[in-house]
Structures are given as C-alpha cells and as structure tokens.
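*Asks:* Dropping the structure in here first, questions after.
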Amino acid sequence: MDISIVIPVYNKESFVRQCLLRALSQDYDDYEVIAVDDGSKDQSGEICDEIASKNPRLRVIHKENGGVTAARRTGVEEARGQYIMFCDSDDLLMPHALRHCIEAMKANGADEVIAPYQNQYGITYDSGRRGLITPTDVIKDYMALRNHFPPIWGMLLRRDVILDGCLDIPRDIYLGEDILFHVRYLTKVSRVFCISQSCYVYSEGITNYPRINLDYESRYDQLMQSALQPVWEEIEPFFRLRQLKVYEKFIDDRQFDVYDHYYHTLKGRLNNHITFTDRLVFVLPPRLAYYLVHGYKWWLRAKSKQMG
C-alpha cells in the first residue's frame, strides 16, 4: 500500500465526521485511513466506528488517552502504507492531496513532500519555495517562528523514517510537539520537495493554548537542541534567534523576570543573524524592552488592517 492517513481523535465530535469523509474522498486509490480514538469522552469514537462500518478503507483504533503524539505513534505503527500523511480531526484534506503529494514524491525521489495550506477562511500559507530544497531550509524557518511550512500535517512522509524515534516525545510536551517531531524527521533525510498545490485546510483558533510558561520553554529548548545536534553547527544561530523571539513573547506578556531566570544565558551568543531591533530588545532592561516589543506588534496589527 502506498499511503496511510493517520488521524488522532480526541473529543472532536463536532468536526470528526467531516474530517473522515473528506479523507475518504481522495482522488487516489492506494491508501487507507486510520483514526486513533485517544480515549475520547464524547461521541467521537462512536462516529468513527459508524463511518468505518460503511467504508472498509477506514480503520479505527481505540486506546486509553495518551496525548496526540502517542496517538500518532500508534497510528504509524499500525499503518500499512509506505508513506504517512497526518491530519488533525478538526481539519480537512483537499480531495487531491494524496495524488499531488505521491506523484511529486515518486517523480523526484523525495523523502518528504510539503504543500501550501489554507485556513478555514481561504487564506493560503505558502513558503514560496518550489522543487527540491534542503531540510535545513525548513528548520531555519521554524527557528524564526515563521508559519509558512505546516508543522506536521498536510505533508507526505516516509513511515520508516518516522519510526526511527521521531515520535518519541514526552507527553508533557503538548505545545510545539509537532515541530519538534518534524525537526527530528528533517535531520534524518536529505531530499524535501515543495509543490504549489494547497492540500490541507487548517482550522485556526479552535485549540486554546495556556499562557506561555518559562519552565516549559526551557525544557522544550533542551529537547529541541538535542534534536538539532546532527545539524547543530549550521543551525545554532537560528536556534538562538528562536530563543530570542520567544523571549520577546515573554516580554510582551510582561513576564520580565525571565531574563534573570533564563534568557541572560543568551548574552554573547547572538551573532549577525540577529537584526538590530531584536538585539536592542535584548540589551534593553526588560521593562523598557516591553514598549519596543509591544509597540512593534501594535504597528504590525495596524498595518495588517490597512492592507486588509
């Protein structure tokens, strides 16, 4: 079998039916859909079973709640396909997603195919890259906190590479775990191919994330730095940029004590990849830096409204 679509499901009864029906309506034949019910407390599991009873292409796995990464890992372990496409249960695959991605994968000997994606309002997110690119190009964009590349869904990946430790992520990593997974994957492959056709519809604003937390960020940094070790020499400046961008989020949230508790360690590690404005944010006392960061974000929002 060519492709397995893996869909983790947890308490998404309002969305999962449409998600599964769209996944089962691909204009490609050699694929299966695996829905992993991660201990849902609503009717999500029953909806999956109902649809599976009418469509043999869909398999449903019920398991105790273990988090989204564990659900994805279960789906990949049970998959029969050579390639994996992930989809979240509140999102949608476009009808041509598999066909466009597998054609590009096979024609170019790629280890991964990445497509642009849209939100539910029809706004397209596109890196602008086309054809073969290096995996480190994607990693650099992640480190800059750009959202041009999808973190995990709407792309075609090799199952054998995924099973090489990419999904061995602690359960307490619940925010950014998809990017951590993808960075691990990218350090193990050499050929990434970007296509022009949008293949995925991402539902923005459905998940409510908790307030940013310093203990969590410092632990996440450790895991990300470990994942980056195979390409550390090239990526370290961009990793420091990511740390600085997260620091700016803390400052904008008025969490001024993070400098002394953690981010002072960036001193002396910032190089020419860091813009003058970002450097200025770091050298200013945190309470003064707040006005620079907050004012810049206000200006961006105002500019966006004018353009809209």
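Going by the structure tokens order, chains are called A, B, ..., each with residues numbered from 1, while ligands are numbered from 1 in the order shown.
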Write out as an MDAnalysis selection string each polymer residue whose atoms come within 12 Å of region 268-283 of chain A, counting only C-alpha atoms; drop sequence neighbours fewer than 2 positions from it.
*Replies:* chainID A and resid 140 143:144 234:252 256 258:260 263:266 285:296
*Asks:* Would you export the selected residues with N, CA and C atoms as a compact mmCIF listing (two decimals), in the first residue's frame, please?
*Replies:*
# COMPACT_ATOMS: atom_id res chain seq x y z
N LYS A 140 15.30 26.24 9.47
CA LYS A 140 15.59 27.65 9.70
C LYS A 140 14.31 28.48 9.79
N MET A 143 12.80 27.89 13.18
CA MET A 143 13.52 28.59 14.24
C MET A 143 13.18 30.08 14.25
N ALA A 144 12.86 30.63 13.09
CA ALA A 144 12.46 32.04 13.01
C ALA A 144 10.99 32.25 13.35
N GLU A 234 25.39 24.33 11.77
CA GLU A 234 24.72 25.23 10.82
C GLU A 234 23.51 25.93 11.44
N ILE A 235 22.81 25.25 12.34
CA ILE A 235 21.53 25.75 12.81
C ILE A 235 21.63 26.55 14.11
N GLU A 236 22.73 26.44 14.86
CA GLU A 236 22.79 27.11 16.15
C GLU A 236 22.39 28.59 16.11
N PRO A 237 22.90 29.40 15.14
CA PRO A 237 22.49 30.81 15.13
C PRO A 237 20.98 31.00 14.99
N PHE A 238 20.35 30.11 14.26
CA PHE A 238 18.90 30.20 14.07
C PHE A 238 18.14 29.72 15.31
N PHE A 239 18.73 28.76 16.02
CA PHE A 239 18.15 28.33 17.30
C PHE A 239 18.19 29.49 18.30
N ARG A 240 19.30 30.24 18.33
CA ARG A 240 19.39 31.39 19.23
C ARG A 240 18.36 32.45 18.83
N LEU A 241 18.12 32.59 17.54
CA LEU A 241 17.09 33.53 17.08
C LEU A 241 15.72 33.10 17.61
N ARG A 242 15.44 31.81 17.56
CA ARG A 242 14.17 31.33 18.09
C ARG A 242 14.04 31.65 19.58
N GLN A 243 15.10 31.41 20.33
CA GLN A 243 15.07 31.73 21.76
C GLN A 243 14.77 33.21 21.98
N LEU A 244 15.38 34.06 21.18
CA LEU A 244 15.17 35.50 21.32
C LEU A 244 13.73 35.88 20.99
N LYS A 245 13.16 35.25 19.96
CA LYS A 245 11.77 35.52 19.59
C LYS A 245 10.81 35.10 20.72
N VAL A 246 11.11 33.98 21.35
CA VAL A 246 10.28 33.53 22.47
C VAL A 246 10.45 34.48 23.65
N TYR A 247 11.66 34.94 23.87
CA TYR A 247 11.91 35.94 24.93
C TYR A 247 11.05 37.18 24.70
N GLU A 248 10.94 37.61 23.45
CA GLU A 248 10.11 38.78 23.15
C GLU A 248 8.64 38.52 23.47
N LYS A 249 8.19 37.28 23.29
CA LYS A 249 6.81 36.95 23.66
C LYS A 249 6.62 37.07 25.17
N PHE A 250 7.61 36.60 25.93
CA PHE A 250 7.53 36.76 27.38
C PHE A 250 7.47 38.23 27.78
N ILE A 251 8.31 39.03 27.15
CA ILE A 251 8.34 40.46 27.49
C ILE A 251 7.01 41.11 27.13
N ASP A 252 6.45 40.76 25.98
CA ASP A 252 5.16 41.33 25.60
C ASP A 252 4.05 40.89 26.56
N PHE A 256 8.69 39.84 33.07
CA PHE A 256 10.01 40.46 33.00
C PHE A 256 11.10 39.66 33.71
N VAL A 258 11.93 36.67 33.40
CA VAL A 258 12.53 35.57 32.63
C VAL A 258 13.97 35.87 32.23
N TYR A 259 14.31 37.15 32.12
CA TYR A 259 15.68 37.47 31.72
C TYR A 259 16.67 36.93 32.75
N ASP A 260 16.47 37.26 34.01
CA ASP A 260 17.40 36.82 35.05
C ASP A 260 17.33 35.32 35.27
N TYR A 263 17.04 33.79 30.28
CA TYR A 263 17.49 34.31 29.00
C TYR A 263 18.78 35.12 29.06
N HIS A 264 19.28 35.41 30.26
CA HIS A 264 20.58 36.07 30.34
C HIS A 264 21.68 35.21 29.73
N THR A 265 21.40 33.89 29.62
CA THR A 265 22.39 32.97 29.05
C THR A 265 22.63 33.23 27.56
N LEU A 266 21.73 34.00 26.93
CA LEU A 266 21.93 34.33 25.51
C LEU A 266 23.03 35.36 25.31
N PRO A 285 16.77 46.98 29.37
CA PRO A 285 16.12 46.37 30.53
C PRO A 285 14.73 45.87 30.14
N PRO A 286 14.32 44.71 30.66
CA PRO A 286 13.06 44.11 30.21
C PRO A 286 11.86 45.04 30.23
N ARG A 287 11.74 45.89 31.26
CA ARG A 287 10.56 46.76 31.34
C ARG A 287 10.59 47.84 30.25
N LEU A 288 11.75 48.25 29.82
CA LEU A 288 11.85 49.19 28.70
C LEU A 288 11.65 48.45 27.38
N ALA A 289 12.19 47.24 27.29
CA ALA A 289 12.03 46.47 26.06
C ALA A 289 10.56 46.19 25.76
N TYR A 290 9.74 46.14 26.80
CA TYR A 290 8.31 45.89 26.60
C TYR A 290 7.70 46.92 25.65
N TYR A 291 8.05 48.19 25.81
CA TYR A 291 7.45 49.23 24.98
C TYR A 291 7.88 49.09 23.52
N LEU A 292 9.10 48.65 23.30
CA LEU A 292 9.56 48.42 21.93
C LEU A 292 8.83 47.22 21.31
N VAL A 293 8.75 46.12 22.04
CA VAL A 293 8.10 44.92 21.52
C VAL A 293 6.61 45.16 21.33
N HIS A 294 5.96 45.70 22.33
CA HIS A 294 4.51 45.89 22.26
C HIS A 294 4.14 46.92 21.19
N GLY A 295 4.96 47.97 21.09
CA GLY A 295 4.69 48.97 20.06
C GLY A 295 4.86 48.42 18.66
N TYR A 296 5.86 47.57 18.48
CA TYR A 296 6.08 46.98 17.16
C TYR A 296 4.92 46.06 16.79
*Asks:* If we count only C-alpha atoms, what is near Val60 (chain A) at a cut-off of 6 Å, once residues fewer than 2 positions away on the same chain are taken out, given as a list of chain:residue names?
*Replies:* A:Ile34, A:Ala35, A:Val36
*Asks:* If you run DSSP on the backbone here, which positions in region 9-239 of chain A get alpha helix (DSSP H)? Please write them as a PyMOL selection string.
*Replies:* chain A and resi 16-23+44-52+68-78+97-108+135-143+159-162+177-186+214-227+232-239
*Asks:* Using CA of Ile212 (chain A) and CA of Leu175 (chain A) as the two end points, give the distance in Å to one decimal.
*Replies:* 9.6 Å
*Asks:* If we count only C-alpha atoms and set the cut-off at 12 Å, which residues sit around Gly122 (chain A), ignoring sequence neighbours fewer than 5 positions away in its own chain? Please answer as an MDAnalysis selection string.
*Replies:* chainID A and resid 116:117 198 200:204
*Asks:* For N, CA and C atoms, I'd like the residues from the last selection saved as an mmCIF file, in the first residue's frame.
*Replies:*
data_model
loop_
_atom_site.group_PDB
_atom_site.id
_atom_site.type_symbol
_atom_site.label_atom_id
_atom_site.label_comp_id
_atom_site.auth_asym_id
_atom_site.auth_seq_id
_atom_site.Cartn_x
_atom_site.Cartn_y
_atom_site.Cartn_z
ATOM 1 N N PRO A 116 1.584 23.882 0.279
ATOM 2 C CA PRO A 116 0.959 25.012 0.975
ATOM 3 C C PRO A 116 -0.334 24.547 1.649
ATOM 4 N N TYR A 117 -0.832 25.356 2.576
ATOM 5 C CA TYR A 117 -2.099 25.023 3.215
ATOM 6 C C TYR A 117 -2.946 26.278 3.357
ATOM 7 N N SER A 198 -2.156 23.686 -2.876
ATOM 8 C CA SER A 198 -2.595 23.576 -1.486
ATOM 9 C C SER A 198 -3.311 22.251 -1.291
ATOM 10 N N TYR A 200 -4.357 21.145 2.188
ATOM 11 C CA TYR A 200 -4.851 20.978 3.554
ATOM 12 C C TYR A 200 -5.586 22.232 3.992
ATOM 13 N N VAL A 201 -6.654 22.041 4.781
ATOM 14 C CA VAL A 201 -7.389 23.158 5.363
ATOM 15 C C VAL A 201 -7.245 23.082 6.878
ATOM 16 N N TYR A 202 -6.578 24.067 7.438
ATOM 17 C CA TYR A 202 -6.280 24.119 8.872
ATOM 18 C C TYR A 202 -7.282 25.027 9.572
ATOM 19 N N SER A 203 -7.930 24.513 10.598
ATOM 20 C CA SER A 203 -8.926 25.288 11.338
ATOM 21 C C SER A 203 -8.239 26.088 12.433
ATOM 22 N N GLU A 204 -8.073 27.369 12.210
ATOM 23 C CA GLU A 204 -7.395 28.227 13.175
ATOM 24 C C GLU A 204 -8.320 28.556 14.345
#
*Asks:* With a distance cut-off of 7 Å and only C-alpha atoms, select the neighbouring residues of region 152-164 of chain A, excluding the residue or stretch itself and same-chain residues fewer than 4 positions from it, and output the selection as JSON, numbers by chain.
*Replies:* {"A": [76, 82, 83, 84, 85, 86, 87, 101, 111, 112, 113, 114, 115, 178, 179, 182, 185, 199, 200]}
*Asks:* If we count only C-alpha atoms and set the cut-off at 9 Å, which residues sit around Asp168 (chain A), ignoring sequence neighbours fewer than 5 positions away in its own chain? Please answer as a list of chain:residue names.
*Replies:*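 Counting only C-alpha atoms, the residues come to A:Thr69, A:Ala70, A:Arg73, A:Leu163, A:Phe181.
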*Asks:* What's the separation between CA of Leu58 (chain A) and CA of Arg17 (chain A), in Å to one decimal place?
*Replies:*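 Calculated distance between CA of Leu58 (chain A) and CA of Arg17 (chain A) is 12.2 Å.
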*Asks:* Quick one: of A:Glu46, A:Asp137, A:Asp27, A:Glu32, who's nearest to Met94 (chain A), counting only C-alpha atoms?
*Replies:*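 Of A:Glu46, A:Asp137, A:Asp27, A:Glu32, the one nearest Met94 (chain A) is A:Asp27, counting only C-alpha atoms.
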*Asks:* Considering only C-alpha atoms, can you say which of A:Leu284, A:Met1, A:Val6, A:Val16 comes closest to Asp30 (chain A)?
*Replies:*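 Distance minimum relative to Asp30 (chain A) lands on A:Met1.
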*Asks:* Would you return as a compact mmCIF listing (two decimals) with N, CA, C and O atoms, in the first residue's frame the members of region 6-185 of chain A that DSSP assigns to strand (DSSP E or B) on this structure's backbone?
*Replies:*
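Everything below was put into result_5.txt:
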# COMPACT_ATOMS: atom_id res chain seq x y z
N VAL A 6 -3.15 9.15 8.88
CA VAL A 6 -3.29 8.92 10.32
C VAL A 6 -3.96 10.14 10.95
O VAL A 6 -3.46 11.26 10.84
N ILE A 7 -5.09 9.89 11.64
CA ILE A 7 -5.88 10.98 12.22
C ILE A 7 -6.07 10.72 13.71
O ILE A 7 -6.86 9.83 14.10
N PRO A 8 -5.36 11.43 14.59
CA PRO A 8 -5.63 11.31 16.03
C PRO A 8 -6.95 12.02 16.36
O PRO A 8 -7.23 13.10 15.84
N VAL A 9 -7.75 11.39 17.21
CA VAL A 9 -9.08 11.92 17.53
C VAL A 9 -9.25 11.99 19.04
O VAL A 9 -9.08 10.98 19.74
N TYR A 31 -4.66 3.75 -0.75
CA TYR A 31 -4.46 4.35 0.56
C TYR A 31 -5.48 3.82 1.56
O TYR A 31 -6.48 3.21 1.19
N GLU A 32 -5.18 4.06 2.82
CA GLU A 32 -6.09 3.74 3.92
C GLU A 32 -6.17 4.93 4.86
O GLU A 32 -5.32 5.84 4.81
N VAL A 33 -7.20 4.94 5.70
CA VAL A 33 -7.35 5.97 6.73
C VAL A 33 -7.38 5.27 8.09
O VAL A 33 -8.12 4.30 8.28
N ILE A 34 -6.56 5.75 9.01
CA ILE A 34 -6.53 5.21 10.37
C ILE A 34 -6.92 6.31 11.34
O ILE A 34 -6.22 7.32 11.46
N ALA A 35 -8.06 6.14 12.00
CA ALA A 35 -8.49 7.06 13.04
C ALA A 35 -8.12 6.47 14.39
O ALA A 35 -8.51 5.34 14.72
N VAL A 36 -7.35 7.20 15.18
CA VAL A 36 -6.93 6.72 16.50
C VAL A 36 -7.72 7.49 17.55
O VAL A 36 -7.45 8.68 17.82
N ASP A 37 -8.73 6.83 18.11
CA ASP A 37 -9.55 7.44 19.16
C ASP A 37 -8.77 7.39 20.47
O ASP A 37 -8.61 6.33 21.07
N ASP A 38 -8.30 8.55 20.90
CA ASP A 38 -7.40 8.64 22.06
C ASP A 38 -8.20 8.80 23.36
O ASP A 38 -8.01 9.75 24.11
N LEU A 58 -11.45 2.65 6.06
CA LEU A 58 -11.21 3.28 7.36
C LEU A 58 -11.04 2.22 8.44
O LEU A 58 -11.87 1.33 8.59
N ARG A 59 -9.95 2.32 9.19
CA ARG A 59 -9.75 1.51 10.39
C ARG A 59 -9.76 2.42 11.60
O ARG A 59 -9.19 3.52 11.57
N VAL A 60 -10.40 1.97 12.67
CA VAL A 60 -10.49 2.75 13.91
C VAL A 60 -9.76 2.01 15.02
O VAL A 60 -10.00 0.82 15.24
N ILE A 61 -8.89 2.70 15.70
CA ILE A 61 -8.17 2.14 16.85
C ILE A 61 -8.60 2.91 18.09
O ILE A 61 -8.50 4.15 18.12
N HIS A 62 -9.08 2.21 19.10
CA HIS A 62 -9.47 2.83 20.37
C HIS A 62 -8.39 2.55 21.40
O HIS A 62 -7.96 1.40 21.56
N LYS A 63 -7.94 3.58 22.08
CA LYS A 63 -6.90 3.42 23.09
C LYS A 63 -7.16 4.35 24.27
O LYS A 63 -7.95 5.30 24.17
N TYR A 83 4.07 5.38 3.00
CA TYR A 83 4.14 6.80 3.31
C TYR A 83 2.99 7.17 4.25
O TYR A 83 1.93 6.52 4.26
N ILE A 84 3.22 8.23 5.02
CA ILE A 84 2.25 8.68 6.02
C ILE A 84 1.86 10.12 5.73
O ILE A 84 2.72 10.96 5.44
N MET A 85 0.55 10.39 5.83
CA MET A 85 0.07 11.76 5.87
C MET A 85 -0.76 11.92 7.13
O MET A 85 -1.67 11.13 7.39
N PHE A 86 -0.43 12.93 7.94
CA PHE A 86 -1.18 13.20 9.15
C PHE A 86 -2.27 14.22 8.87
O PHE A 86 -2.12 15.11 8.03
N LEU A 92 -9.24 19.47 7.47
CA LEU A 92 -9.72 18.79 6.27
C LEU A 92 -8.59 18.61 5.26
O LEU A 92 -7.76 19.51 5.08
N LEU A 93 -8.58 17.46 4.61
CA LEU A 93 -7.72 17.26 3.45
C LEU A 93 -8.47 17.67 2.20
O LEU A 93 -9.67 17.39 2.06
N GLU A 112 10.29 13.58 1.49
CA GLU A 112 9.17 14.33 2.05
C GLU A 112 8.63 15.29 1.00
O GLU A 112 9.41 15.86 0.22
N VAL A 113 7.33 15.45 0.98
CA VAL A 113 6.71 16.45 0.12
C VAL A 113 5.90 17.40 0.99
O VAL A 113 5.12 16.97 1.84
N ILE A 114 6.10 18.70 0.78
CA ILE A 114 5.40 19.73 1.54
C ILE A 114 4.55 20.56 0.59
O ILE A 114 5.02 21.00 -0.46
N TYR A 117 -0.83 25.36 2.58
CA TYR A 117 -2.10 25.02 3.22
C TYR A 117 -2.95 26.28 3.36
O TYR A 117 -2.45 27.40 3.21
N GLN A 118 -4.22 26.09 3.63
CA GLN A 118 -5.15 27.20 3.81
C GLN A 118 -5.79 27.13 5.18
O GLN A 118 -5.86 26.06 5.79
N ASN A 119 -6.27 28.28 5.67
CA ASN A 119 -7.11 28.23 6.85
C ASN A 119 -8.57 28.14 6.42
O ASN A 119 -8.88 28.13 5.22
N THR A 124 -4.21 31.46 2.19
CA THR A 124 -3.18 30.46 1.91
C THR A 124 -1.87 30.82 2.59
O THR A 124 -1.43 31.97 2.56
N TYR A 125 -1.25 29.81 3.20
CA TYR A 125 0.08 29.95 3.79
C TYR A 125 1.06 29.19 2.90
O TYR A 125 0.95 27.97 2.74
N GLY A 131 10.05 22.88 -5.72
CA GLY A 131 11.05 21.90 -6.09
C GLY A 131 11.85 21.41 -4.89
O GLY A 131 11.44 21.54 -3.74
N LEU A 132 13.02 20.85 -5.18
CA LEU A 132 13.87 20.30 -4.13
C LEU A 132 14.52 21.39 -3.30
O LEU A 132 15.08 22.35 -3.84
N ILE A 133 14.43 21.26 -1.98
CA ILE A 133 15.12 22.17 -1.07
C ILE A 133 15.82 21.31 -0.02
O ILE A 133 15.55 20.11 0.11
N TRP A 153 1.13 18.26 9.53
CA TRP A 153 0.04 17.77 8.70
C TRP A 153 0.14 18.34 7.29
O TRP A 153 0.87 19.29 7.05
N MET A 155 1.47 17.07 4.70
CA MET A 155 2.72 16.74 4.01
C MET A 155 2.83 15.22 3.97
O MET A 155 2.21 14.52 4.77
N LEU A 156 3.61 14.73 3.03
CA LEU A 156 3.79 13.29 2.89
C LEU A 156 5.17 12.90 3.39
O LEU A 156 6.17 13.51 3.00
N LEU A 157 5.21 11.87 4.25
CA LEU A 157 6.43 11.48 4.94
C LEU A 157 6.66 9.97 4.81
O LEU A 157 5.71 9.21 4.60
N ARG A 158 7.90 9.57 4.96
CA ARG A 158 8.25 8.15 4.90
C ARG A 158 7.99 7.49 6.26
O ARG A 158 8.49 7.96 7.29
*Asks:* Report as a VMD selection string all protein, DNA and RNA residues lying within 10 Å of Tyr220 (chain A), evaluated on only C-alpha atoms, omitting residues in the same chain fewer than 3 positions from it.
*Replies:* chain A and resid 172 to 177 180 214 to 217 223 to 226
*Asks:* Would you write out those residues with N, CA and C atoms, as a PDB file, in the first residue's frame?
*Replies:*
ATOM      1  N   ASP A 172       4.337  15.377  28.292  1.00  0.00           N
ATOM      2  CA  ASP A 172       4.155  16.730  28.828  1.00  0.00           C
ATOM      3  C   ASP A 172       4.560  17.811  27.826  1.00  0.00           C
ATOM      4  N   ILE A 173       5.092  17.406  26.664  1.00  0.00           N
ATOM      5  CA  ILE A 173       5.344  18.363  25.590  1.00  0.00           C
ATOM      6  C   ILE A 173       4.089  18.392  24.721  1.00  0.00           C
ATOM      7  N   TYR A 174       3.262  19.384  24.957  1.00  0.00           N
ATOM      8  CA  TYR A 174       1.945  19.461  24.319  1.00  0.00           C
ATOM      9  C   TYR A 174       1.826  20.652  23.371  1.00  0.00           C
ATOM     10  N   LEU A 175       2.770  21.573  23.419  1.00  0.00           N
ATOM     11  CA  LEU A 175       2.753  22.754  22.560  1.00  0.00           C
ATOM     12  C   LEU A 175       4.052  22.780  21.767  1.00  0.00           C
ATOM     13  N   GLY A 176       3.937  22.733  20.439  1.00  0.00           N
ATOM     14  CA  GLY A 176       5.127  22.686  19.602  1.00  0.00           C
ATOM     15  C   GLY A 176       5.681  21.292  19.420  1.00  0.00           C
ATOM     16  N   GLU A 177       4.928  20.277  19.897  1.00  0.00           N
ATOM     17  CA  GLU A 177       5.411  18.903  19.760  1.00  0.00           C
ATOM     18  C   GLU A 177       5.466  18.478  18.300  1.00  0.00           C
ATOM     19  N   LEU A 180       8.733  19.817  16.883  1.00  0.00           N
ATOM     20  CA  LEU A 180       9.829  19.003  17.403  1.00  0.00           C
ATOM     21  C   LEU A 180       9.919  17.676  16.643  1.00  0.00           C
ATOM     22  N   LEU A 214       7.768  29.615  31.534  1.00  0.00           N
ATOM     23  CA  LEU A 214       9.219  29.564  31.418  1.00  0.00           C
ATOM     24  C   LEU A 214       9.768  28.159  31.635  1.00  0.00           C
ATOM     25  N   ASP A 215       9.233  27.431  32.614  1.00  0.00           N
ATOM     26  CA  ASP A 215       9.714  26.071  32.847  1.00  0.00           C
ATOM     27  C   ASP A 215       9.497  25.204  31.609  1.00  0.00           C
ATOM     28  N   TYR A 216       8.332  25.374  30.985  1.00  0.00           N
ATOM     29  CA  TYR A 216       8.037  24.598  29.786  1.00  0.00           C
ATOM     30  C   TYR A 216       8.999  24.978  28.665  1.00  0.00           C
ATOM     31  N   GLU A 217       9.213  26.259  28.460  1.00  0.00           N
ATOM     32  CA  GLU A 217      10.076  26.706  27.360  1.00  0.00           C
ATOM     33  C   GLU A 217      11.510  26.243  27.547  1.00  0.00           C
ATOM     34  N   LEU A 223      15.034  19.846  24.589  1.00  0.00           N
ATOM     35  CA  LEU A 223      14.655  18.797  23.647  1.00  0.00           C
ATOM     36  C   LEU A 223      14.940  19.210  22.202  1.00  0.00           C
ATOM     37  N   MET A 224      14.652  20.461  21.883  1.00  0.00           N
ATOM     38  CA  MET A 224      14.908  20.932  20.526  1.00  0.00           C
ATOM     39  C   MET A 224      16.407  20.965  20.238  1.00  0.00           C
ATOM     40  N   GLN A 225      17.204  21.423  21.183  1.00  0.00           N
ATOM     41  CA  GLN A 225      18.643  21.472  20.971  1.00  0.00           C
ATOM     42  C   GLN A 225      19.198  20.065  20.771  1.00  0.00           C
ATOM     43  N   SER A 226      18.669  19.108  21.504  1.00  0.00           N
ATOM     44  CA  SER A 226      19.099  17.721  21.327  1.00  0.00           C
ATOM     45  C   SER A 226      18.724  17.218  19.936  1.00  0.00           C
TER      46      SER A 226
END
*Asks:* Just how far from CA of Arg184 (chain A) is CA of Gly165 (chain A), in Å to one decimal?
*Replies:*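 About the pair CA of Gly165 (chain A) and CA of Arg184 (chain A): they are 8.1 Å apart.
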*Asks:* I need the residue nearest Ala104 (chain A) from this list: A:Ala227, A:Ile47, A:Ala52, A:Cys194. Use only C-alpha atoms for the distance.
*Replies:* A:Cys194
*Asks:* Could you tell me which of A:Asn65, A:Ala23, A:Gln18, A:Ser89 comes closest to Ser40 (chain A) if we count only C-alpha atoms?
*Replies:*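 The answer is A:Asn65, which sits nearest to Ser40 (chain A).
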